[in-house]
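Okay, structure first, notes after.
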Amino acid sequence: MKAQDASLAFLYFRNGEYEKAASLYKSLHEKNPLNSNYLNYLIDCYQQTEKFNEVKSLLNTQLKKVPSQHYLNVELGYNYQLQHKKDSALIYYDKAVNSINKTSNQGYLIGRTFQSNYLLDYALLAYKKSMEVNPNANYNLQIAAIYGEKADIENMLNTYLNLVETNINYLPSVKTYIGKFISDDSENKTNIFLRKLLIQRMQNNPQNSWNQLLSWLFMQQKDYGKALIQEKALHKRNPSSLNNIIDLGFIAFENKSFSVSQDCFNYVLENTSIKEDEITAKLYLLQTDLELKAPIEEIEFKFQQLFNEYGKNRNTIGIQLIYADFLAFRKNEPEKAIAVLKNALKFPIDEFQKGSIKTKLADIYVFTNKFNTALIHYTQVQNNLKNHEIGQMARYKIAQTSYFKGDFEWAQSQLKILKSSTSQLISNDALDLNLLITDNALQDSLKIALKKYAIADLLSFQNKNKQAIDTLQNIITYFKGHPIEDESLFKQAQLFEKVNNFDDAIANYLKIIELNKEDILVDNAIYNLAELYLNKLYNNEKAQEYYKKIVFEYPSSIYLVDARKKFRKLRGDAIY
C-alpha cells in the first residue's frame, strides 16, 4: 500500500497537483520520519503552494526529533529566502555551514542541499569546509561541477586537472565531464583555456596525463597532427604499446586526414615487432594509397608483396577484402574479386568476418547488375548479425539496392528501421537517402525523375562516370524546377571533379547557389568550391573567398568549424 501511495503522490507532484501530493506525502512522512525523500517532496509541495509556515513548522519539528540533520537548516533558510527574508535566510545558511566543524560527515549532504536549491556559493563553501575539516574527504568533482554551473570555466578546469594530478584514475571521468564543455572548434573559450592550462602544467609539473589530455583535446578538434606529437611523446616514455597511435591512425584515416594517418602507421612500422600491428599498419598505408589515387600497377604490386609476406589465410582477411574491392572497383575485374572473396569464405573464420566478406561480395554483385544475388547475400548478413553494425550496414545496402532498382517503397521501409541505428554514419546515410526519395516523390507520382536519378546513382557506384554524367544532364535538361534539379547538379559536379573536369564542376556549384541561396545544398556547394580551389586548382585566394562565405553567411553550416580554420590559415592567422 505504501508503494502505491508513493507512486500516486509522485504522479500528483509531477502533474502539478501539489495539494493532493502534499496530503499523501504528509501521511508517508509521518509513518517514515527518517525517509528524507518523502520529507523533501512534502517541503516542495508546501512551497509550491506558498505554505511557508507549514514548512517552518515541519522542519523545526523534524530537527527536534533528529537534531543531527543539520542540512535541514539549509531548507529552513531557503524557506525564508522564498519569502524575501534574506537576513533570516543567511542565519540558517551560516548555521548549516558552521555545523560542519562538529560533524564533518554531514558536509556532503549540506553541500548537496545548497546545490539543489541553486545556492552555489554556499555549496562551494560547504564542500571546501568539509575537505578542510576532514582531509580524507574529496568533493572536487562536486566543486568542479558547481564552477561549471557558474560558468567559471578556469576554476572548473583547474579543479578537474587537480583531481587528475592527485590520482590518474580520475582521467576517464574528467574527460567525460570536460567533454560537455569543449567542442570541435579550437576557438571555443573552454578549448582555449584547457589548452593553456595543460601547456602550463606540462612546463611546471610534467606528467603523462597532461600529454594524454592534450592529445584528447586535439583529437576533439580534429587536429590530428598535433595529437600525434603528444602520442609520440607518450610512447617514448612508455614504449610498451602502440595502440593509441594505431587508434589515432584509424581516426585520422576515417576523417580523410591521410598524411597524418600515414605518419601514424609509418611510426608503428618503425617501432613494432608485433606481426598484427605490422599487418594493420601496412594495410592502412595501402588503403591511403588507394584513397590518394596512386597508380594501379603500384598498388597491385604492394598487394602482392603483402600476400607474399603474410599469405592468404584467416589472418589476412582484412587485406583480402580490400584487395577484392580494388580488383572490382579500380581494376574493373569483378570476376577475379568474386573468386578472392569466395576463397576467403573457406577459411575457419567467425560470423563477423563472414558478414564482412558476404557484404563485399554483394557489393560486387550490385557492381555487375546481379541485384537479386546481391540481395540474397545482404539479407543473409542482416539476418545473422541483426544487432551488429555489420548487419545494420547490410540492411542499408538492401535499401540502397532496392533504390537503385526503383523499388522506393521497399527501400524506405528498410531506411525507416535504420533511423535509430547505433552507428551514426549508417543512421545519417539512411536519413539522407530517405529524404532524397521523399522530397523527390512528392511532385511526381510516377517518380520518373527519381528513377532516372537512381540510375545515375547506380552508374556512379559502378564507376561508369561518363554514363552517369550524361544521365544527370538529361535530368537537368528536362526537369528544370523539379526538386531533383539541384541534387542532379550537385551529383554531376562531384562526378566532374572525379574525372578532373574542374571547370564544369565549378559551373554546377555556382548554378546551385544561383538557383536558391536558401537551398539545403548551397553550403555544401560553397564548401566544395573552396576545397576544389584549395586542393585541386591551388588557388588560395579563391579558396579563401569561399571559406569566408561559409564563415560569415552560413554560421549554422556543418562546415563552419573547418571552413573557419582553413580561412584563418589562408589569411595568415596564427593557429594554435
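Naming works like this for the C-alpha cells: A, B, ... for the chains as they're shown, residue 1 at the start of each chain, ligands 1 onward in shown order.
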
Task: Polymer residues at most 8 Å from Ile512 of chain A, only C-alpha atoms, same-chain spacing of 5 or more positions, as a PyMOL selection string - done: chain A and resi 486+489-490+517+521-522+525

Open item on the list: Give me the residues near Asp5 of chain A as a ChimeraX atom specification, where near means some atom within 10 Å (using only C-alpha atoms) and where sequence neighbours in that chain fewer than 5 positions away do not count.
Closed with: /A:10-11,21,24-25,27-28

Task: For Phe218 of chain A, the nearest of the candidates A:Leu534, A:Leu285, A:Leu194, A:Val499, counting only C-alpha atoms - done: A:Leu194

TODO: Pick out the residues sitting within 10 Å of Arg564 of chain A, and hand them over as a list of chain:residue names; count only C-alpha atoms, and ignore anything fewer than 6 positions along from it in its own chain.
DONE: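 After dropping sequence-adjacent residues, the list is A:Asp185, A:Ser186, A:Glu187, A:Gln544, A:Tyr547, A:Lys548, A:Lys549, A:Ile550, A:Val551, A:Phe552, A:Pro555, A:Leu570.
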
Near-Leu58 of chain A list (10 Å; only C-alpha atoms; drop same-chain fewer than 4 positions) as a PDB file with C-alpha atoms, in the first residue's frame:
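Saved result, selection_7.pdb, follows:
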ATOM      1  CA  LYS A  26       2.415  14.147   4.771  1.00  0.00           C
ATOM      2  CA  LEU A  39      10.187  14.955   3.589  1.00  0.00           C
ATOM      3  CA  LEU A  42       6.441  17.463   1.177  1.00  0.00           C
ATOM      4  CA  ILE A  43       8.568  20.616   1.570  1.00  0.00           C
ATOM      5  CA  PHE A  52       5.778  28.662   4.186  1.00  0.00           C
ATOM      6  CA  ASN A  53       4.636  28.424   7.828  1.00  0.00           C
ATOM      7  CA  GLU A  54       3.838  24.738   7.373  1.00  0.00           C
ATOM      8  CA  GLN A  62      11.967  17.277  12.362  1.00  0.00           C
ATOM      9  CA  LEU A  63      15.077  18.954  13.830  1.00  0.00           C
ATOM     10  CA  LEU A  76      14.819  26.472   6.659  1.00  0.00           C
TER      11      LEU A  76
END

Open item on the list: Just checking: using only C-alpha atoms, which residue out of A:Ala468, A:Ile455, A:Ala374, A:Leu560 ends up closest to Asp407 of chain A?
Closed with: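 Closest to Asp407 of chain A, using only C-alpha atoms: A:Ile455.
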
- [ ] For Gln142 of chain A, work out the shell of residues within 9 Å, counting only C-alpha atoms and skipping chain neighbours fewer than 2 positions away, then give it as a PyMOL selection string.
- [x] chain A and resi 111-112+124+127+138-140+144-147

Could the residues in this selection be written to a file with C-alpha atoms, as a CSV table (one decimal), in the first residue's frame?
chain,number,residue,atom,x,y,z
A,111,GLY,CA,26.7,20.9,0.2
A,112,ARG,CA,24.3,18.9,-1.9
A,124,LEU,CA,31.2,25.6,-2.7
A,127,TYR,CA,32.2,21.3,0.2
A,138,ASN,CA,37.2,14.6,-1.7
A,139,TYR,CA,34.4,16.7,-3.1
A,140,ASN,CA,36.4,18.1,-6.1
A,144,ALA,CA,34.2,21.4,-10.4
A,145,ALA,CA,30.6,20.8,-11.4
A,146,ILE,CA,29.5,23.9,-9.4
A,147,TYR,CA,32.2,26.0,-11.1

- [ ] Skip segment 317-328 of chain A itself and residues of its chain fewer than 5 positions away, then list as a VMD selection string all residues within 6 Å of it, counting only C-alpha atoms.
- [x] chain A and resid 333 to 334 337

Task: Expected answer as a ChimeraX atom specification: alpha helix (DSSP H) residues in segment 289-474 of chain A - done: /A:289-291,296-310,317-329,334-344,351-367,371-384,389-405,408-417,424-441,448-461,465-474

TODO: Go through A:Ser445, A:Ile526, A:Leu283, A:Leu213 one by one, measure the shortest atom-to-atom distance of each to Ile513 of chain A using only C-alpha atoms, and give the residue with the smallest value.
DONE: A:Ile526

- [ ] Could you jot down the atom CA of Phe461 of chain A to atom CA of Gln400 of chain A separation for me, Å, one decimal place?
- [x]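 We find that atom CA of Phe461 of chain A and atom CA of Gln400 of chain A lie 10.8 Å from each other.
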
Open item on the list: Need the shell around Glu497 of chain A: protein/DNA/RNA residues with any atom at most 9 Å away, counting only C-alpha atoms. Skip same-chain ones fewer than 6 positions apart. Format as an MDAnalysis selection string?
Closed with: chainID A and resid 503:506 532 536

Let me see the file: selected residues, N, CA and C atoms, as a short mmCIF file (atom, residue, chain, number, x, y, z; two decimals), in the first residue's frame.
data_model
loop_
_atom_site.label_atom_id
_atom_site.label_comp_id
_atom_site.auth_asym_id
_atom_site.auth_seq_id
_atom_site.Cartn_x
_atom_site.Cartn_y
_atom_site.Cartn_z
N ASP A 503 36.33 22.78 -64.46
CA ASP A 503 35.56 23.94 -64.92
C ASP A 503 34.06 23.66 -64.87
N ASP A 504 33.64 22.48 -65.34
CA ASP A 504 32.22 22.14 -65.31
C ASP A 504 31.74 21.91 -63.87
N ALA A 505 32.61 21.38 -63.03
CA ALA A 505 32.23 21.21 -61.62
C ALA A 505 31.95 22.56 -60.98
N ILE A 506 32.84 23.55 -61.24
CA ILE A 506 32.65 24.90 -60.70
C ILE A 506 31.34 25.50 -61.21
N LEU A 532 37.85 22.59 -53.73
CA LEU A 532 38.32 22.40 -55.12
C LEU A 532 39.42 23.40 -55.46
N LYS A 536 42.76 21.21 -55.60
CA LYS A 536 42.90 20.75 -56.99
C LYS A 536 43.47 21.85 -57.90
#

Task: Distance criterion (only C-alpha atoms): nearest to Lys386 of chain A out of A:Asp432, A:Asp277, A:Asp439, A:Glu351 - done: A:Glu351

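In this structure, atom CA of Asn101 of chain A sits 25.2 Å away from atom CA of Asn155 of chain A.
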
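Considering the residues A:Asn158, A:Leu515, A:Tyr224, A:Asn60 and counting only C-alpha atoms, Lys480 of chain A has its shortest atom-to-atom contact with A:Leu515.
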
Open item on the list: I need the residue nearest Ala394 of chain A from this list: A:Thr359, A:Gln48, A:Ser427, A:Asn308. Use only C-alpha atoms for the distance.
Closed with: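 Closest residue, counting only C-alpha atoms: A:Thr359.
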
TODO: Would you mind reading off the distance between atom CA of Ile390 of chain A and atom CA of Asp350 of chain A, one decimal, in Å?
DONE: 12.9 Å
